[in-house]
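Asks: So I've got this file, upload.pdb, and it contains PDB, C-alpha atoms and all ligand atoms:
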```
ATOM      1  CA  MET A   1      44.845  26.199 -57.098  1.00  0.00           C
ATOM      2  CA  GLU A   2      47.746  26.435 -54.676  1.00  0.00           C
ATOM      3  CA  GLU A   3      51.295  26.387 -56.006  1.00  0.00           C
ATOM      4  CA  LEU A   4      52.480  22.812 -56.365  1.00  0.00           C
ATOM      5  CA  ASN A   5      56.203  22.740 -56.893  1.00  0.00           C
ATOM      6  CA  SER A   6      57.174  19.178 -56.089  1.00  0.00           C
ATOM      7  CA  LEU A   7      55.784  15.677 -56.512  1.00  0.00           C
ATOM      8  CA  GLU A   8      55.378  15.497 -52.720  1.00  0.00           C
ATOM      9  CA  GLU A   9      53.216  18.630 -52.731  1.00  0.00           C
ATOM     10  CA  ILE A  10      51.096  17.267 -55.582  1.00  0.00           C
ATOM     11  CA  PHE A  11      50.656  13.969 -53.730  1.00  0.00           C
ATOM     12  CA  GLU A  12      49.501  15.803 -50.621  1.00  0.00           C
ATOM     13  CA  ALA A  13      47.024  17.863 -52.639  1.00  0.00           C
ATOM     14  CA  VAL A  14      45.669  14.748 -54.352  1.00  0.00           C
ATOM     15  CA  GLU A  15      45.272  12.881 -51.056  1.00  0.00           C
ATOM     16  CA  ASN A  16      42.999  15.631 -49.755  1.00  0.00           C
ATOM     17  CA  CYS A  17      41.383  16.580 -53.033  1.00  0.00           C
ATOM     18  CA  GLU A  18      37.619  17.004 -53.317  1.00  0.00           C
ATOM     19  CA  LYS A  19      37.627  18.907 -56.585  1.00  0.00           C
ATOM     20  CA  CYS A  20      35.274  16.476 -58.248  1.00  0.00           C
ATOM     21  CA  LYS A  21      32.649  13.945 -57.236  1.00  0.00           C
ATOM     22  CA  LEU A  22      35.038  11.005 -57.671  1.00  0.00           C
ATOM     23  CA  HIS A  23      36.519  11.575 -54.219  1.00  0.00           C
ATOM     24  CA  GLU A  24      33.362   9.895 -52.863  1.00  0.00           C
ATOM     25  CA  PHE A  25      34.500   6.584 -54.376  1.00  0.00           C
ATOM     26  CA  ARG A  26      38.070   6.844 -53.045  1.00  0.00           C
ATOM     27  CA  ASP A  27      39.485   4.581 -50.330  1.00  0.00           C
ATOM     28  CA  LYS A  28      43.125   5.308 -51.075  1.00  0.00           C
ATOM     29  CA  CYS A  29      44.330   7.853 -53.538  1.00  0.00           C
ATOM     30  CA  VAL A  30      46.493   6.261 -56.196  1.00  0.00           C
ATOM     31  CA  PHE A  31      49.068   8.809 -57.186  1.00  0.00           C
ATOM     32  CA  ALA A  32      52.115   7.430 -58.957  1.00  0.00           C
ATOM     33  CA  GLU A  33      55.029   5.079 -58.643  1.00  0.00           C
ATOM     34  CA  GLY A  34      58.507   4.674 -60.009  1.00  0.00           C
ATOM     35  CA  LYS A  35      61.429   6.944 -60.577  1.00  0.00           C
ATOM     36  CA  ASN A  36      60.823  10.658 -60.162  1.00  0.00           C
ATOM     37  CA  ASN A  37      63.242  11.591 -62.935  1.00  0.00           C
ATOM     38  CA  ALA A  38      62.376   8.738 -65.274  1.00  0.00           C
ATOM     39  CA  ASN A  39      62.945   9.080 -69.001  1.00  0.00           C
ATOM     40  CA  ILE A  40      59.744   7.199 -69.707  1.00  0.00           C
ATOM     41  CA  MET A  41      56.342   8.001 -68.228  1.00  0.00           C
ATOM     42  CA  LEU A  42      53.319   5.731 -68.511  1.00  0.00           C
ATOM     43  CA  VAL A  43      49.902   7.369 -68.233  1.00  0.00           C
ATOM     44  CA  GLY A  44      46.769   5.297 -67.746  1.00  0.00           C
ATOM     45  CA  LEU A  45      43.179   6.298 -67.030  1.00  0.00           C
ATOM     46  CA  SER A  46      42.178   5.656 -63.413  1.00  0.00           C
ATOM     47  CA  PRO A  47      42.731   3.239 -60.525  1.00  0.00           C
ATOM     48  CA  GLY A  48      40.740   0.022 -60.537  1.00  0.00           C
ATOM     49  CA  ARG A  49      39.197  -1.680 -57.507  1.00  0.00           C
ATOM     50  CA  GLN A  50      42.402  -3.370 -56.350  1.00  0.00           C
ATOM     51  CA  GLU A  51      44.434  -0.206 -56.830  1.00  0.00           C
ATOM     52  CA  ASN A  52      41.873   1.695 -54.757  1.00  0.00           C
ATOM     53  CA  LEU A  53      42.329  -0.722 -51.860  1.00  0.00           C
ATOM     54  CA  SER A  54      46.100  -0.943 -52.028  1.00  0.00           C
ATOM     55  CA  GLY A  55      46.937   2.606 -53.134  1.00  0.00           C
ATOM     56  CA  ARG A  56      49.261   1.089 -55.759  1.00  0.00           C
ATOM     57  CA  LEU A  57      49.146   1.345 -59.520  1.00  0.00           C
ATOM     58  CA  PHE A  58      48.645  -1.565 -61.866  1.00  0.00           C
ATOM     59  CA  VAL A  59      48.203  -4.386 -59.395  1.00  0.00           C
ATOM     60  CA  GLY A  60      46.032  -7.446 -60.047  1.00  0.00           C
ATOM     61  CA  PRO A  61      45.554  -8.999 -63.486  1.00  0.00           C
ATOM     62  CA  SER A  62      46.118  -5.823 -65.509  1.00  0.00           C
ATOM     63  CA  GLY A  63      49.258  -5.123 -63.449  1.00  0.00           C
ATOM     64  CA  ASP A  64      50.549  -8.631 -64.104  1.00  0.00           C
ATOM     65  CA  PHE A  65      49.854  -8.194 -67.783  1.00  0.00           C
ATOM     66  CA  LEU A  66      51.555  -4.800 -67.822  1.00  0.00           C
ATOM     67  CA  ASN A  67      54.626  -6.410 -66.239  1.00  0.00           C
ATOM     68  CA  GLU A  68      54.618  -9.038 -68.991  1.00  0.00           C
ATOM     69  CA  LEU A  69      54.354  -6.307 -71.641  1.00  0.00           C
ATOM     70  CA  LEU A  70      57.189  -4.308 -70.085  1.00  0.00           C
ATOM     71  CA  GLN A  71      59.334  -7.415 -70.206  1.00  0.00           C
ATOM     72  CA  LEU A  72      58.535  -7.861 -73.895  1.00  0.00           C
ATOM     73  CA  ALA A  73      59.696  -4.276 -74.476  1.00  0.00           C
ATOM     74  CA  GLY A  74      62.810  -4.817 -72.348  1.00  0.00           C
ATOM     75  CA  LEU A  75      61.705  -2.163 -69.843  1.00  0.00           C
ATOM     76  CA  ASP A  76      62.298  -2.253 -66.098  1.00  0.00           C
ATOM     77  CA  ARG A  77      59.175  -1.117 -64.200  1.00  0.00           C
ATOM     78  CA  ASN A  78      61.370   0.464 -61.500  1.00  0.00           C
ATOM     79  CA  GLU A  79      62.957   2.752 -64.082  1.00  0.00           C
ATOM     80  CA  LEU A  80      59.627   4.218 -65.228  1.00  0.00           C
ATOM     81  CA  TYR A  81      57.266   6.786 -63.755  1.00  0.00           C
ATOM     82  CA  ILE A  82      53.702   5.450 -63.821  1.00  0.00           C
ATOM     83  CA  THR A  83      50.558   7.418 -63.144  1.00  0.00           C
ATOM     84  CA  ASN A  84      46.956   7.949 -64.258  1.00  0.00           C
ATOM     85  CA  ILE A  85      44.978  10.965 -65.432  1.00  0.00           C
ATOM     86  CA  ILE A  86      42.358  10.324 -62.743  1.00  0.00           C
ATOM     87  CA  LYS A  87      43.702   9.702 -59.246  1.00  0.00           C
ATOM     88  CA  CYS A  88      40.554   8.388 -57.534  1.00  0.00           C
ATOM     89  CA  HIS A  89      38.925   5.070 -58.236  1.00  0.00           C
ATOM     90  CA  ALA A  90      35.543   5.344 -59.918  1.00  0.00           C
ATOM     91  CA  PRO A  91      33.294   3.374 -62.210  1.00  0.00           C
ATOM     92  CA  THR A  92      34.218   4.248 -65.797  1.00  0.00           C
ATOM     93  CA  TYR A  93      30.742   5.726 -66.439  1.00  0.00           C
ATOM     94  CA  ALA A  94      31.422   8.339 -63.757  1.00  0.00           C
ATOM     95  CA  ILE A  95      34.496   9.690 -65.559  1.00  0.00           C
ATOM     96  CA  GLY A  96      33.631  12.461 -67.982  1.00  0.00           C
ATOM     97  CA  PRO A  97      35.154  15.679 -69.324  1.00  0.00           C
ATOM     98  CA  LYS A  98      34.487  17.531 -66.039  1.00  0.00           C
ATOM     99  CA  GLU A  99      36.457  14.994 -63.987  1.00  0.00           C
ATOM    100  CA  ILE A 100      39.283  14.843 -66.548  1.00  0.00           C
ATOM    101  CA  SER A 101      39.526  18.606 -66.594  1.00  0.00           C
ATOM    102  CA  ALA A 102      39.559  18.744 -62.758  1.00  0.00           C
ATOM    103  CA  CYS A 103      42.185  16.036 -62.277  1.00  0.00           C
ATOM    104  CA  SER A 104      44.454  16.522 -65.271  1.00  0.00           C
ATOM    105  CA  ILE A 105      45.904  19.623 -63.611  1.00  0.00           C
ATOM    106  CA  TYR A 106      47.816  17.214 -61.363  1.00  0.00           C
ATOM    107  CA  LEU A 107      49.049  15.157 -64.313  1.00  0.00           C
ATOM    108  CA  ASP A 108      50.225  18.309 -66.092  1.00  0.00           C
ATOM    109  CA  LYS A 109      52.268  19.252 -63.020  1.00  0.00           C
ATOM    110  CA  GLN A 110      53.698  15.734 -62.773  1.00  0.00           C
ATOM    111  CA  ILE A 111      54.791  15.897 -66.414  1.00  0.00           C
ATOM    112  CA  ASP A 112      56.413  19.306 -65.845  1.00  0.00           C
ATOM    113  CA  ILE A 113      58.396  18.016 -62.870  1.00  0.00           C
ATOM    114  CA  VAL A 114      59.358  14.525 -64.106  1.00  0.00           C
ATOM    115  CA  ASN A 115      60.106  15.987 -67.545  1.00  0.00           C
ATOM    116  CA  PRO A 116      60.146  12.640 -69.382  1.00  0.00           C
ATOM    117  CA  LYS A 117      61.577  12.066 -72.841  1.00  0.00           C
ATOM    118  CA  VAL A 118      58.836   9.583 -73.713  1.00  0.00           C
ATOM    119  CA  ILE A 119      55.180   9.458 -72.676  1.00  0.00           C
ATOM    120  CA  ILE A 120      53.371   6.183 -73.308  1.00  0.00           C
ATOM    121  CA  ALA A 121      49.629   6.830 -73.136  1.00  0.00           C
ATOM    122  CA  LEU A 122      47.628   3.739 -72.239  1.00  0.00           C
ATOM    123  CA  GLY A 123      44.144   3.575 -73.715  1.00  0.00           C
ATOM    124  CA  SER A 124      41.929   5.958 -75.622  1.00  0.00           C
ATOM    125  CA  VAL A 125      41.254   8.539 -72.890  1.00  0.00           C
ATOM    126  CA  ALA A 126      44.915   8.965 -71.934  1.00  0.00           C
ATOM    127  CA  GLY A 127      45.859   8.959 -75.621  1.00  0.00           C
ATOM    128  CA  ARG A 128      43.345  11.677 -76.450  1.00  0.00           C
ATOM    129  CA  TYR A 129      44.385  13.816 -73.503  1.00  0.00           C
ATOM    130  CA  ILE A 130      48.124  13.618 -74.198  1.00  0.00           C
ATOM    131  CA  LEU A 131      47.779  14.145 -77.966  1.00  0.00           C
ATOM    132  CA  GLU A 132      45.576  17.208 -77.420  1.00  0.00           C
ATOM    133  CA  LYS A 133      47.909  18.571 -74.767  1.00  0.00           C
ATOM    134  CA  TYR A 134      50.727  18.637 -77.331  1.00  0.00           C
ATOM    135  CA  ASN A 135      48.521  19.868 -80.206  1.00  0.00           C
ATOM    136  CA  ILE A 136      48.581  16.608 -82.138  1.00  0.00           C
ATOM    137  CA  ALA A 137      45.376  15.811 -84.015  1.00  0.00           C
ATOM    138  CA  ASN A 138      43.349  13.332 -82.041  1.00  0.00           C
ATOM    139  CA  GLN A 139      42.988   9.921 -83.647  1.00  0.00           C
ATOM    140  CA  LYS A 140      41.541   6.626 -82.507  1.00  0.00           C
ATOM    141  CA  VAL A 141      43.940   4.476 -80.517  1.00  0.00           C
ATOM    142  CA  SER A 142      42.950   1.568 -82.765  1.00  0.00           C
ATOM    143  CA  ASP A 143      44.448   3.504 -85.710  1.00  0.00           C
ATOM    144  CA  ILE A 144      47.640   4.790 -84.092  1.00  0.00           C
ATOM    145  CA  HIS A 145      48.626   2.267 -81.384  1.00  0.00           C
ATOM    146  CA  GLY A 146      52.379   1.845 -81.255  1.00  0.00           C
ATOM    147  CA  GLN A 147      53.105   4.878 -83.447  1.00  0.00           C
ATOM    148  CA  VAL A 148      55.655   7.422 -82.284  1.00  0.00           C
ATOM    149  CA  PHE A 149      54.710  11.127 -82.393  1.00  0.00           C
ATOM    150  CA  SER A 150      57.635  13.495 -81.918  1.00  0.00           C
ATOM    151  CA  VAL A 151      57.084  16.915 -80.400  1.00  0.00           C
ATOM    152  CA  SER A 152      59.755  19.566 -80.426  1.00  0.00           C
ATOM    153  CA  MET A 153      60.079  20.982 -76.915  1.00  0.00           C
ATOM    154  CA  LYS A 154      62.709  23.587 -77.740  1.00  0.00           C
ATOM    155  CA  ASP A 155      63.243  26.207 -75.094  1.00  0.00           C
ATOM    156  CA  LEU A 156      66.030  28.351 -73.782  1.00  0.00           C
ATOM    157  CA  PHE A 157      67.458  25.597 -71.590  1.00  0.00           C
ATOM    158  CA  SER A 158      67.074  22.628 -73.954  1.00  0.00           C
ATOM    159  CA  PRO A 159      67.302  23.764 -77.562  1.00  0.00           C
ATOM    160  CA  ASP A 160      67.210  20.250 -79.051  1.00  0.00           C
ATOM    161  CA  ARG A 161      64.729  18.461 -76.854  1.00  0.00           C
ATOM    162  CA  THR A 162      62.193  16.139 -78.437  1.00  0.00           C
ATOM    163  CA  LEU A 163      59.357  14.481 -76.577  1.00  0.00           C
ATOM    164  CA  LYS A 164      58.113  11.195 -77.975  1.00  0.00           C
ATOM    165  CA  ILE A 165      54.455  10.326 -77.447  1.00  0.00           C
ATOM    166  CA  ILE A 166      53.369   6.755 -78.022  1.00  0.00           C
ATOM    167  CA  PRO A 167      49.691   5.801 -77.716  1.00  0.00           C
ATOM    168  CA  MET A 168      49.079   2.152 -76.827  1.00  0.00           C
ATOM    169  CA  PHE A 169      46.058   0.032 -76.017  1.00  0.00           C
ATOM    170  CA  HIS A 170      45.326  -0.146 -72.289  1.00  0.00           C
ATOM    171  CA  PRO A 171      46.425  -3.546 -70.850  1.00  0.00           C
ATOM    172  CA  ALA A 172      43.003  -3.972 -69.209  1.00  0.00           C
ATOM    173  CA  ALA A 173      41.287  -3.537 -72.599  1.00  0.00           C
ATOM    174  CA  ALA A 174      43.518  -6.231 -74.063  1.00  0.00           C
ATOM    175  CA  LEU A 175      42.591  -8.584 -71.224  1.00  0.00           C
ATOM    176  CA  ARG A 176      38.908  -8.031 -71.962  1.00  0.00           C
ATOM    177  CA  SER A 177      39.266  -8.784 -75.664  1.00  0.00           C
ATOM    178  CA  GLU A 178      41.034 -11.930 -76.772  1.00  0.00           C
ATOM    179  CA  GLY A 179      41.384 -10.526 -80.266  1.00  0.00           C
ATOM    180  CA  LEU A 180      43.594  -7.737 -78.943  1.00  0.00           C
ATOM    181  CA  LEU A 181      45.959  -9.820 -76.829  1.00  0.00           C
ATOM    182  CA  GLU A 182      48.446 -10.820 -79.518  1.00  0.00           C
ATOM    183  CA  LEU A 183      48.300  -7.403 -81.172  1.00  0.00           C
ATOM    184  CA  VAL A 184      49.102  -5.677 -77.895  1.00  0.00           C
ATOM    185  CA  LYS A 185      51.996  -8.037 -77.184  1.00  0.00           C
ATOM    186  CA  LYS A 186      53.394  -7.337 -80.659  1.00  0.00           C
ATOM    187  CA  ASP A 187      53.086  -3.577 -80.071  1.00  0.00           C
ATOM    188  CA  TRP A 188      55.174  -3.839 -76.907  1.00  0.00           C
ATOM    189  CA  GLN A 189      57.738  -6.074 -78.569  1.00  0.00           C
ATOM    190  CA  ASN A 190      58.093  -3.465 -81.313  1.00  0.00           C
ATOM    191  CA  LEU A 191      58.151  -0.666 -78.760  1.00  0.00           C
ATOM    192  CA  GLY A 192      61.406  -2.021 -77.355  1.00  0.00           C
ATOM    193  CA  GLU A 193      63.038  -1.384 -80.740  1.00  0.00           C
ATOM    194  CA  LYS A 194      61.647   2.154 -81.007  1.00  0.00           C
ATOM    195  CA  LEU A 195      62.917   3.398 -77.646  1.00  0.00           C
TER
HETATM  196  S1  LIG B   1      39.599  12.407 -59.243  1.00  0.00           S
HETATM  197 FE1  LIG B   1      41.190  13.941 -59.132  1.00  0.00          FE
HETATM  198  S2  LIG B   1      40.115  15.911 -59.131  1.00  0.00           S
HETATM  199 FE2  LIG B   1      38.622  14.333 -58.601  1.00  0.00          FE
HETATM  200  S3  LIG B   1      38.640  14.261 -56.358  1.00  0.00           S
HETATM  201 FE3  LIG B   1      40.087  12.688 -57.084  1.00  0.00          FE
HETATM  202  S4  LIG B   1      42.088  13.730 -57.087  1.00  0.00           S
HETATM  203 FE4  LIG B   1      40.485  15.317 -56.995  1.00  0.00          FE
END
```
Go through the file and emit its structure as structure tokens.
Replies:
Amino acid sequence: MEELNSLEEIFEAVENCEKCKLHEFRDKCVFAEGKNNANIMLVGLSPGRQENLSGRLFVGPSGDFLNELLQLAGLDRNELYITNIIKCHAPTYAIGPKEISACSIYLDKQIDIVNPKVIIALGSVAGRYILEKYNIANQKVSDIHGQVFSVSMKDLFSPDRTLKIIPMFHPAAALRSEGLLELVKKDWQNLGEKL
């Protein structure tokens, strides 16, 4: 893979990427939005139908619900960096380990460059990927939603740096299950106090 040293270079690579079969479903690549040096990064799974048409993240009903949740947590969407593990729209059944392994290289680079203090992983796939990336034992999102995992990121340049990882239910999952709605809202209310 070519050297990707900036978010612009990653975006360009993603726009032209054919590393996995999901590019066949893509109308517009959905890369990221928000502040490039945000303290908080949100990571979801993949673009939905409306995102695929608009090229924007979290639009439509799940976007509206995410906005409501951010408000409950006291977070400003413009102050965050939001992205997905998978950059091309695809039916969920088409996303497997091969596609995650192919596309997560871009997410890893984004994390390196944005260098957030907090990563909020939305849904089970993003949660699993981020926990494994930082050597935290994988657990079901239904058991750990809203919990804060602290990872020491000590290095020469930042001897006291801690990265917080917070797995949450995906807003779209909450919209599909009435039983989850109130729980998810409570998680985001509590999240505001933890940040
Ligand atoms: S999903 Fe990711 S790896 Fe697959 S074609 Fe799209 S950008 Fe490339």
Asks: Tell me which residues the PyMOL selection byres (((not hetatm)) within 8 of (chain B and resi 1)) grabs here, as a PyMOL selection string.
Replies: chain A and resi 13-24+26+29+85-89+99-104+106
Asks: Write the residues of the selection above to a file with C-alpha atoms, as a short mmCIF file (atom, residue, chain, number, x, y, z; two decimals), keeping the file's coordinate frame.
Replies:
```cif
data_model
loop_
_atom_site.label_atom_id
_atom_site.label_comp_id
_atom_site.auth_asym_id
_atom_site.auth_seq_id
_atom_site.Cartn_x
_atom_site.Cartn_y
_atom_site.Cartn_z
CA ALA A 13 47.02 17.86 -52.64
CA VAL A 14 45.67 14.75 -54.35
CA GLU A 15 45.27 12.88 -51.06
CA ASN A 16 43.00 15.63 -49.76
CA CYS A 17 41.38 16.58 -53.03
CA GLU A 18 37.62 17.00 -53.32
CA LYS A 19 37.63 18.91 -56.58
CA CYS A 20 35.27 16.48 -58.25
CA LYS A 21 32.65 13.94 -57.24
CA LEU A 22 35.04 11.00 -57.67
CA HIS A 23 36.52 11.58 -54.22
CA GLU A 24 33.36 9.90 -52.86
CA ARG A 26 38.07 6.84 -53.04
CA CYS A 29 44.33 7.85 -53.54
CA ILE A 85 44.98 10.96 -65.43
CA ILE A 86 42.36 10.32 -62.74
CA LYS A 87 43.70 9.70 -59.25
CA CYS A 88 40.55 8.39 -57.53
CA HIS A 89 38.92 5.07 -58.24
CA GLU A 99 36.46 14.99 -63.99
CA ILE A 100 39.28 14.84 -66.55
CA SER A 101 39.53 18.61 -66.59
CA ALA A 102 39.56 18.74 -62.76
CA CYS A 103 42.18 16.04 -62.28
CA SER A 104 44.45 16.52 -65.27
CA TYR A 106 47.82 17.21 -61.36
#
```
Asks: Here's the selection I'm unsure about, the PyMOL selection byres (((chain A and resi 161-173) around 7) and not hetatm); applied to the file above, which residues does it give, as a ChimeraX atom specification?
Replies: /A:62,65-66,117-123,127,141,144-154,158-160,174-177,184
Asks: Select all residues near (57.0, -3.7, -65.1) (cut-off 12 Å, inclusive, file coordinates), counting all atoms listed in the file, and output them as JSON, numbers by chain.
Replies: {"A": [33, 34, 42, 57, 58, 59, 62, 63, 64, 65, 66, 67, 68, 69, 70, 71, 72, 73, 74, 75, 76, 77, 78, 79, 80, 81, 82, 188]}
Asks: For Leu45 in chain A, which residue out of A:Asn138, A:Ser124, A:Ser6, A:Asn115 is the nearest one, using only C-alpha atoms?
Replies: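 When distances to Leu45 in chain A are compared using only C-alpha atoms, the smallest one comes from A:Ser124.
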Asks: Mind pulling up the distance from CA of Asp27 in chain A to CA of Leu53 in chain A?
Replies: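 Atom-to-atom, CA of Leu53 in chain A to CA of Asp27 in chain A, that is 6.2 Å.
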Asks: Quick one: axis-aligned box around all listed atoms of range 107-125 of chain A, 5 Å on every side, centre and edge lengths in Å to one decimal, written as JSON.
Replies:
```
{"center_x": 51.4, "center_y": 11.4, "center_z": -69.2, "size_x": 30.3, "size_y": 25.7, "size_z": 22.8}
```
Asks: So, counting only C-alpha atoms, which residue among A:Ile105, A:Val43, A:Leu183, A:Ala32 is closest to Arg128 in chain A?
Replies: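 Checking each candidate against Arg128 in chain A, we get A:Val43 as the closest.
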Asks: Can range 72-92 of chain A be brought up to N, CA and C atoms and written out as a CSV table (one decimal), in the coordinates of the input?
Replies:
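Output saved as selection-v2.csv:
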```csv
chain,number,residue,atom,x,y,z
A,72,LEU,N,58.4,-7.7,-72.4
A,72,LEU,CA,58.5,-7.9,-73.9
A,72,LEU,C,59.3,-6.7,-74.5
A,73,ALA,N,59.1,-5.5,-73.9
A,73,ALA,CA,59.7,-4.3,-74.5
A,73,ALA,C,61.1,-4.1,-73.9
A,74,GLY,N,61.5,-5.0,-73.0
A,74,GLY,CA,62.8,-4.8,-72.3
A,74,GLY,C,62.9,-3.7,-71.4
A,75,LEU,N,61.7,-3.3,-70.8
A,75,LEU,CA,61.7,-2.2,-69.8
A,75,LEU,C,61.6,-2.7,-68.4
A,76,ASP,N,62.3,-1.9,-67.5
A,76,ASP,CA,62.3,-2.3,-66.1
A,76,ASP,C,61.3,-1.3,-65.4
A,77,ARG,N,60.2,-1.9,-64.8
A,77,ARG,CA,59.2,-1.1,-64.2
A,77,ARG,C,59.7,-0.1,-63.2
A,78,ASN,N,60.8,-0.5,-62.5
A,78,ASN,CA,61.4,0.5,-61.5
A,78,ASN,C,62.0,1.7,-62.1
A,79,GLU,N,62.3,1.6,-63.4
A,79,GLU,CA,63.0,2.8,-64.1
A,79,GLU,C,62.0,3.7,-64.7
A,80,LEU,N,60.7,3.4,-64.6
A,80,LEU,CA,59.6,4.2,-65.2
A,80,LEU,C,58.9,5.1,-64.2
A,81,TYR,N,58.2,6.1,-64.6
A,81,TYR,CA,57.3,6.8,-63.8
A,81,TYR,C,55.9,6.5,-64.3
A,82,ILE,N,55.0,5.9,-63.4
A,82,ILE,CA,53.7,5.4,-63.8
A,82,ILE,C,52.6,6.2,-63.1
A,83,THR,N,51.7,6.7,-63.8
A,83,THR,CA,50.6,7.4,-63.1
A,83,THR,C,49.3,7.3,-64.0
A,84,ASN,N,48.2,7.9,-63.5
A,84,ASN,CA,47.0,7.9,-64.3
A,84,ASN,C,46.5,9.4,-64.4
A,85,ILE,N,45.6,9.6,-65.3
A,85,ILE,CA,45.0,11.0,-65.4
A,85,ILE,C,44.1,11.2,-64.2
A,86,ILE,N,43.3,10.2,-63.9
A,86,ILE,CA,42.4,10.3,-62.7
A,86,ILE,C,43.0,9.6,-61.5
A,87,LYS,N,43.0,10.3,-60.4
A,87,LYS,CA,43.7,9.7,-59.2
A,87,LYS,C,42.8,8.9,-58.3
A,88,CYS,N,41.5,9.1,-58.4
A,88,CYS,CA,40.6,8.4,-57.5
A,88,CYS,C,39.8,7.3,-58.3
A,89,HIS,N,39.6,6.2,-57.6
A,89,HIS,CA,38.9,5.1,-58.2
A,89,HIS,C,37.5,5.5,-58.5
A,90,ALA,N,37.0,5.1,-59.6
A,90,ALA,CA,35.5,5.3,-59.9
A,90,ALA,C,35.1,4.4,-61.0
A,91,PRO,N,33.8,4.1,-61.1
A,91,PRO,CA,33.3,3.4,-62.2
A,91,PRO,C,33.5,4.2,-63.5
A,92,THR,N,33.9,3.5,-64.6
A,92,THR,CA,34.2,4.2,-65.8
A,92,THR,C,33.1,5.2,-66.2
```
